[in-house]
Structure formats: C-alpha cells, structure tokens
file entry00.txt (compact mmCIF, C-alpha atoms and all ligand atoms)
# COMPACT_ATOMS: atom_id res chain seq x y z
CA MET R 18 -6.09 -23.78 27.25
CA SER R 19 -9.78 -24.27 27.47
CA ILE R 20 -12.43 -21.81 26.40
CA SER R 21 -13.30 -21.07 30.05
CA GLU R 22 -9.86 -19.51 30.52
CA LEU R 23 -10.16 -17.22 27.52
CA ASN R 24 -10.68 -13.50 28.10
CA ILE R 25 -11.22 -10.84 25.42
CA ARG R 26 -10.50 -7.27 26.49
CA ASP R 27 -9.59 -3.88 25.06
CA ALA R 28 -5.88 -3.60 24.47
CA ARG R 29 -3.80 -1.07 26.34
CA LEU R 30 -0.84 0.75 24.85
CA ASN R 31 1.51 -1.32 26.97
CA ASP R 32 0.22 -4.44 25.16
CA LEU R 33 1.68 -3.07 21.91
CA ASP R 34 4.96 -5.02 22.08
CA LEU R 35 3.14 -8.34 22.48
CA ILE R 36 0.68 -7.46 19.72
CA TYR R 37 3.58 -6.57 17.44
CA ALA R 38 5.33 -9.84 18.28
CA ILE R 39 2.24 -11.79 17.18
CA GLU R 40 2.01 -9.63 14.05
CA LEU R 41 5.66 -10.44 13.18
CA GLU R 42 5.18 -14.15 13.88
CA THR R 43 2.08 -14.27 11.72
CA PHE R 44 2.37 -12.09 8.65
CA PRO R 45 5.25 -11.92 6.15
CA ASP R 46 4.14 -8.35 5.37
CA ALA R 47 3.62 -7.34 9.00
CA TYR R 48 2.27 -3.90 9.83
CA PRO R 49 4.97 -1.62 11.24
CA LYS R 50 4.73 -1.11 14.99
CA GLY R 51 3.99 2.58 14.47
CA LEU R 52 0.92 1.79 12.40
CA LEU R 53 -0.32 -0.71 15.00
CA LYS R 54 0.08 2.04 17.58
CA ALA R 55 -1.84 4.49 15.40
CA PHE R 56 -4.87 2.18 15.40
CA PHE R 57 -5.22 2.80 19.16
CA PHE R 58 -6.03 6.43 18.39
CA MET R 59 -8.52 5.86 15.57
CA PRO R 60 -12.27 5.35 16.00
CA GLY R 61 -12.49 1.61 16.47
CA CYS R 62 -11.23 -1.10 18.76
CA VAL R 63 -8.01 -2.94 19.42
CA LEU R 64 -8.76 -6.16 21.29
CA VAL R 65 -6.57 -8.82 22.80
CA ALA R 66 -7.33 -12.42 23.70
CA GLU R 67 -5.74 -13.59 26.93
CA ALA R 68 -5.39 -17.09 28.29
CA GLU R 69 -3.78 -17.79 31.62
CA GLY R 70 -2.66 -14.16 31.84
CA THR R 71 -0.85 -14.21 28.50
CA ILE R 72 -1.85 -12.46 25.31
CA ILE R 73 -2.41 -15.11 22.64
CA GLY R 74 -4.12 -13.07 19.94
CA TYR R 75 -5.38 -9.70 18.89
CA ALA R 76 -7.82 -8.08 16.50
CA ILE R 77 -8.33 -4.56 15.18
CA GLY R 78 -11.55 -3.07 13.87
CA ILE R 79 -12.11 0.45 12.57
CA PHE R 80 -15.42 2.34 12.55
CA LYS R 81 -15.69 4.20 9.24
CA GLU R 82 -17.84 7.25 8.67
CA ASP R 83 -19.96 5.51 6.03
CA GLY R 84 -21.07 2.97 8.65
CA THR R 85 -18.66 0.26 7.56
CA GLY R 86 -16.75 -1.64 10.20
CA HIS R 87 -13.38 -2.61 8.70
CA ILE R 88 -11.58 -5.58 10.22
CA VAL R 89 -7.98 -4.56 9.74
CA SER R 90 -6.26 -7.51 11.34
CA ILE R 91 -6.88 -10.61 13.40
CA ALA R 92 -4.28 -13.13 14.49
CA VAL R 93 -3.82 -15.84 17.08
CA LYS R 94 -0.42 -17.23 18.11
CA LYS R 95 0.33 -20.46 16.28
CA LYS R 96 0.37 -22.62 19.40
CA ALA R 97 -3.00 -21.30 20.58
CA ARG R 98 -4.95 -21.75 17.35
CA ARG R 99 -8.04 -23.85 16.80
CA LYS R 100 -9.20 -23.37 20.39
CA GLY R 101 -11.78 -20.67 19.84
CA ALA R 102 -9.74 -17.49 20.34
CA GLY R 103 -10.16 -16.32 16.74
CA SER R 104 -13.92 -16.81 16.95
CA ALA R 105 -14.08 -14.97 20.28
CA LEU R 106 -12.11 -12.02 18.90
CA LEU R 107 -14.18 -11.85 15.71
CA GLY R 108 -17.46 -12.14 17.60
CA THR R 109 -16.44 -9.33 19.96
CA ILE R 110 -15.43 -7.03 17.10
CA LEU R 111 -18.75 -7.66 15.35
CA ARG R 112 -20.66 -6.82 18.54
CA ARG R 113 -18.66 -3.58 18.79
CA PHE R 114 -19.55 -2.75 15.19
CA TRP R 115 -23.19 -3.44 15.97
CA SER R 116 -23.14 -1.26 19.09
CA LYS R 117 -21.63 1.60 17.05
CA SER R 118 -24.46 1.30 14.51
CA MET R 119 -22.24 -0.03 11.73
CA TRP R 120 -24.37 -1.55 9.00
CA ARG R 121 -21.75 -3.90 7.60
CA ALA R 122 -18.37 -5.44 8.32
CA VAL R 123 -15.74 -5.81 5.60
CA LEU R 124 -12.27 -7.32 5.43
CA GLU R 125 -9.63 -8.41 2.99
CA VAL R 126 -8.16 -11.90 3.11
CA ARG R 127 -5.55 -13.68 1.01
CA LYS R 128 -7.19 -15.88 -1.58
CA SER R 129 -5.05 -18.79 -0.35
CA ASN R 130 -5.93 -18.30 3.35
CA LEU R 131 -8.42 -21.13 3.69
CA GLU R 132 -8.30 -21.15 7.53
CA ALA R 133 -9.30 -17.51 7.84
CA LYS R 134 -11.88 -17.74 5.04
CA SER R 135 -13.45 -20.69 6.83
CA LEU R 136 -13.65 -18.65 10.06
CA TYR R 137 -15.26 -15.70 8.28
CA GLU R 138 -17.73 -17.90 6.43
CA LYS R 139 -18.79 -19.44 9.74
CA PHE R 140 -19.77 -15.94 10.85
CA GLY R 141 -21.72 -15.37 7.64
CA PHE R 142 -19.23 -13.33 5.63
CA LYS R 143 -19.64 -13.63 1.87
CA LYS R 144 -17.15 -12.91 -0.87
CA LYS R 145 -17.89 -9.49 -2.34
CA GLY R 146 -15.01 -9.07 -4.80
CA GLU R 147 -11.30 -9.35 -5.39
CA VAL R 148 -8.42 -6.87 -5.41
CA GLU R 149 -5.56 -7.91 -7.67
CA ARG R 150 -2.03 -7.66 -6.24
CA TYR R 151 -3.32 -6.38 -2.88
CA TYR R 152 -0.47 -7.94 -0.92
CA GLN R 153 3.24 -7.07 -1.22
CA ASP R 154 4.05 -10.46 -2.73
CA GLY R 155 1.47 -9.92 -5.46
CA GLU R 156 -1.26 -12.17 -4.09
CA CYS R 157 -4.85 -11.22 -4.69
CA ALA R 158 -7.18 -10.30 -1.80
CA GLU R 159 -10.73 -11.46 -1.52
CA VAL R 160 -12.99 -8.79 -0.07
CA MET R 161 -15.56 -10.30 2.28
CA GLU R 162 -18.63 -8.62 3.68
CA LEU R 163 -21.15 -9.31 6.42
CA LEU R 164 -24.34 -7.26 6.49
CA LEU R 165 -25.23 -6.34 10.06
CA ARG R 166 -28.42 -4.30 9.54
CA ASP R 167 -30.23 -2.31 6.88
CA ARG R 168 -28.20 0.64 5.71
CA GLN R 169 -29.47 3.99 7.04
CA ARG R 170 -29.53 6.43 4.17
CA PRO R 171 -29.65 10.18 4.80
C1 LIG R 201 -7.58 -17.24 11.25
C2 LIG R 201 -7.24 -17.38 12.73
C3 LIG R 201 -7.29 -15.99 13.40
C4 LIG R 201 -8.28 -18.28 13.40
O1 LIG R 201 -8.01 -18.31 14.80
P1 LIG R 201 -8.34 -19.60 15.68
O2 LIG R 201 -8.18 -19.22 17.10
O3 LIG R 201 -7.57 -20.75 15.19
O4 LIG R 201 -9.87 -19.78 15.31
P2 LIG R 201 -10.95 -20.72 16.01
O5 LIG R 201 -10.29 -21.74 16.89
O6 LIG R 201 -11.96 -19.84 16.66
O7 LIG R 201 -11.58 -21.47 14.75
C5 LIG R 201 -12.78 -21.00 14.17
C6 LIG R 201 -12.93 -21.57 12.79
O8 LIG R 201 -11.89 -21.09 11.93
C7 LIG R 201 -11.65 -22.09 10.92
N1 LIG R 201 -10.29 -22.60 11.05
C8 LIG R 201 -9.36 -22.22 11.98
N2 LIG R 201 -8.23 -22.90 11.77
C9 LIG R 201 -8.43 -23.70 10.71
C10 LIG R 201 -7.62 -24.65 10.00
N3 LIG R 201 -6.34 -24.88 10.38
N4 LIG R 201 -8.15 -25.28 8.93
C11 LIG R 201 -9.42 -25.03 8.55
N5 LIG R 201 -10.25 -24.17 9.19
C12 LIG R 201 -9.76 -23.51 10.24
C13 LIG R 201 -12.65 -23.20 11.19
O9 LIG R 201 -13.85 -22.89 10.50
C14 LIG R 201 -12.85 -23.06 12.69
O10 LIG R 201 -14.02 -23.62 13.15
P3 LIG R 201 -13.99 -25.19 13.65
O11 LIG R 201 -12.84 -25.31 14.60
O12 LIG R 201 -15.33 -25.35 14.27
O13 LIG R 201 -13.79 -26.00 12.41
C15 LIG R 201 -5.85 -18.03 12.93
O14 LIG R 201 -5.79 -19.20 12.14
C16 LIG R 201 -4.68 -17.14 12.55
O15 LIG R 201 -4.20 -16.35 13.37
N6 LIG R 201 -4.22 -17.25 11.30
C17 LIG R 201 -3.08 -16.45 10.85
C18 LIG R 201 -3.48 -15.00 10.70
C19 LIG R 201 -4.55 -14.80 9.67
O16 LIG R 201 -4.59 -15.45 8.65
N7 LIG R 201 -5.43 -13.83 9.95
C20 LIG R 201 -6.49 -13.48 9.05
C21 LIG R 201 -6.01 -12.42 8.11
S1 LIG R 201 -7.31 -11.94 6.99
call {"tool": "encode", "arguments": {"input": "entry00.txt", "output": "structure tokens"}}
result
Amino acid sequence: MSISELNIRDARLNDLDLIYAIELETFPDAYPKGLLKAFFFMPGCVLVAEAEGTIIGYAIGIFKEDGTGHIVSIAVKKKARRKGAGSALLGTILRRFWSKSMWRAVLEVRKSNLEAKSLYEKFGFKKKGEVERYYQDGECAEVMELLLRDRQRP
C-alpha cells in the first residue's frame, strides 16, 4: 500500500462489521458492537481508511456541546500500520473538529501506548493529566489535548 492508494471517507452503517473486526483485533477491552453503532447516530464523525477497496482502519470523533472534540477511538489493522493511515485518519478528524468550530481536541491513551502517543505528539497534542485505573485491566490513561483555536466564551 502506498499513500496514493489511501482514501479516508465517512463510514456507512454497512461498514460496521469491518470496523468491529478491527476493534476486536486491536483492543483487549474492545467496545461492544452496539456502542460502535451508537456513535453513528451521535454528533460527530465515524471515518474509515480504505486501501485498494478494503477498510484498513477507522476513527471516531464526537462533537461535544462545550466545543470539545473527543477522539473516542482510532485504529489501523496491524498489517497496514506505519504507512500513514493513522495520520490521515487523525488529520481528517481534526479538520472536522475545526469545521464544527470545536476549540480543542481531547483523547485518552494508555500510558504504555508509545506508538499512539508518538502519533498524537506529532500532531501537537500535549499531556493534560492522568486518570487512574481508566482501563478495565487497571492501567492509567493519559489525557492529551490539542488546542485548535481560542475558546469562545458566552
Ligand atoms: C496508533 C496507530 C493508529 C497509528 O497508525 P499508523 O497507521 O501506524 O500511523 P502512521 O503510519 O500514520 O504513523 C504516524 C506516526 O505514529 C507514530 N508511530 C506509529 N507506529 C509507531 C511505532 N510502531 N513505534 C513508534 N511510533 C509509531 C510515529 O510517530 C509515526 O510517525 P513516523 O512514521 O513518521 O515515525 C496504530 O499504531 C494502531 O492502530 N495502534 C493500535 C490502536 C491504538 O493504540 N489506538 C490508539 C488508542 S488511544
């Protein structure tokens, strides 16, 4: 796969099975399929990365009422990693947040997840705090934040 073959698009409900398969492959504490489906109906975006007609990754971002864009999940199939799909998904979500007037993006990431933290840092995310025992196995989450614009206060 080369970057020229990569396509990021909005997911459709009939992509759900493939998204869920990536979720199961990736996370020991995978989101249930029903929750992944629910994200399609929330204010936000569910994106997929396709290469050669196959879905190789997905990302979910939620637009919150306080102007925060929350990156709920991002994952790329193991065999397709380190070829730019994660960056393309993250960049697209951040542009969606910007276009919806979000003033910041936030996410939680396992403290031990150096690959993902490196990706987020490349986009300018900074560690904002920690949440003890955030994950089912007891691991701590680092909360990371990227400021997108000045906050509009009422
Ligand atoms: C994190 C993830 C989405 C990155 O996707 P990807 O397609 O491999 O990302 P990219 O190819 O765009 O890489 C972008 C940057 O991420 C970082 N990165 C990705 N894989 C890495 C690795 N194995 N080791 C170190 N840094 C890594 C690097 O900074 C990389 O930039 P570089 O290639 O110029 O060094 C992917 O590794 C993944 O699906 N991981 C499992 C799921 C996960 O942890 N999701 C995040 C939950 S918070």
call {"tool": "atom_distance", "arguments": {"input": "entry00.txt", "atom1": "atom CA of Glu159 of chain R", "atom2": "atom CA of Glu125 of chain R"}}
result
5.6 Å
call {"tool": "residues_around", "arguments": {"input": "entry00.txt", "residues": "Ile110 of chain R", "least_positions_apart": "3", "cutoff": "12 Å", "atoms": "all atoms listed in the file", "output": "NGL selection string"}}
result
:R and (25-27 or 61-66 or 75-80 or 86-91 or 103-107 or 113-117 or 119 or 121-123 or 140)
call {"tool": "atom_distance", "arguments": {"input": "entry00.txt", "atom1": "atom O8 of ligand LIG 201 (chain R)", "atom2": "atom CA of Ala158 of chain R"}}
result
18.1 Å
call {"tool": "residues_near_ligand", "arguments": {"input": "entry00.txt", "ligand": "ligand LIG 201 (chain R)", "cutoff": "8 Å", "atoms": "all atoms listed in the file", "output": "PyMOL selection string"}}
result
chain R and resi 43-44+74+89-95+97-105+124-127+130-139
call {"tool": "axis_aligned_box", "arguments": {"input": "entry00.txt", "around": "segment 29-47 of chain R", "padding_each_side": "8 Å", "output": "AutoDock Vina command-line options"}}
result
--center_x 0.9 --center_y -6.8 --center_z 16.2 --size_x 25.5 --size_y 31.0 --size_z 37.6
call {"tool": "residues_around", "arguments": {"input": "entry00.txt", "residues": "Gln169 of chain R", "least_positions_apart": "6", "cutoff": "12 Å", "atoms": "only C-alpha atoms", "output": "PDB file with C-alpha atoms, in the frame of the given file"}}
result
ATOM      1  CA  ASP R  83     -19.960   5.510   6.030  1.00  0.00           C
ATOM      2  CA  GLY R  84     -21.070   2.970   8.650  1.00  0.00           C
ATOM      3  CA  THR R  85     -18.660   0.260   7.560  1.00  0.00           C
ATOM      4  CA  SER R 118     -24.460   1.300  14.510  1.00  0.00           C
ATOM      5  CA  MET R 119     -22.240  -0.030  11.730  1.00  0.00           C
ATOM      6  CA  TRP R 120     -24.370  -1.550   9.000  1.00  0.00           C
ATOM      7  CA  ARG R 121     -21.750  -3.900   7.600  1.00  0.00           C
TER       8      ARG R 121
END
call {"tool": "build_atoms", "arguments": {"input": "entry00.txt", "residues": "segment 81-99 of chain R", "atoms": "N, CA and C atoms", "output": "short mmCIF file (atom, residue, chain, number, x, y, z; two decimals), in the frame of the given file"}}
result
data_model
loop_
_atom_site.label_atom_id
_atom_site.label_comp_id
_atom_site.auth_asym_id
_atom_site.auth_seq_id
_atom_site.Cartn_x
_atom_site.Cartn_y
_atom_site.Cartn_z
N LYS R 81 -15.82 3.20 10.30
CA LYS R 81 -15.69 4.20 9.24
C LYS R 81 -16.94 5.08 9.19
N GLU R 82 -16.74 6.27 8.63
CA GLU R 82 -17.84 7.25 8.67
C GLU R 82 -19.04 6.82 7.84
N ASP R 83 -18.82 5.96 6.85
CA ASP R 83 -19.96 5.51 6.03
C ASP R 83 -20.71 4.35 6.69
N GLY R 84 -20.36 4.03 7.95
CA GLY R 84 -21.07 2.97 8.65
C GLY R 84 -20.51 1.58 8.40
N THR R 85 -19.34 1.54 7.78
CA THR R 85 -18.66 0.26 7.56
C THR R 85 -17.69 0.00 8.71
N GLY R 86 -17.76 -1.20 9.25
CA GLY R 86 -16.75 -1.64 10.20
C GLY R 86 -15.69 -2.42 9.43
N HIS R 87 -14.45 -1.96 9.48
CA HIS R 87 -13.38 -2.61 8.70
C HIS R 87 -12.51 -3.43 9.64
N ILE R 88 -12.47 -4.72 9.42
CA ILE R 88 -11.58 -5.58 10.22
C ILE R 88 -10.21 -5.52 9.57
N VAL R 89 -9.30 -4.86 10.28
CA VAL R 89 -7.98 -4.56 9.74
C VAL R 89 -7.04 -5.74 9.93
N SER R 90 -7.16 -6.40 11.07
CA SER R 90 -6.26 -7.51 11.34
C SER R 90 -6.83 -8.40 12.44
N ILE R 91 -6.54 -9.66 12.33
CA ILE R 91 -6.88 -10.61 13.40
C ILE R 91 -5.86 -11.73 13.34
N ALA R 92 -5.29 -12.07 14.47
CA ALA R 92 -4.28 -13.13 14.49
C ALA R 92 -4.23 -13.77 15.87
N VAL R 93 -3.98 -15.06 15.85
CA VAL R 93 -3.82 -15.84 17.08
C VAL R 93 -2.46 -16.54 16.99
N LYS R 94 -1.73 -16.57 18.10
CA LYS R 94 -0.42 -17.23 18.11
C LYS R 94 -0.57 -18.67 17.63
N LYS R 95 0.43 -19.13 16.91
CA LYS R 95 0.33 -20.46 16.28
C LYS R 95 -0.07 -21.55 17.28
N LYS R 96 0.60 -21.53 18.44
CA LYS R 96 0.37 -22.62 19.40
C LYS R 96 -1.02 -22.59 20.02
N ALA R 97 -1.69 -21.45 19.90
CA ALA R 97 -3.00 -21.30 20.58
C ALA R 97 -4.17 -21.41 19.61
N ARG R 98 -3.87 -21.74 18.35
CA ARG R 98 -4.95 -21.75 17.35
C ARG R 98 -5.88 -22.96 17.50
N ARG R 99 -7.02 -22.80 16.89
CA ARG R 99 -8.04 -23.85 16.80
C ARG R 99 -8.63 -24.18 18.18
#
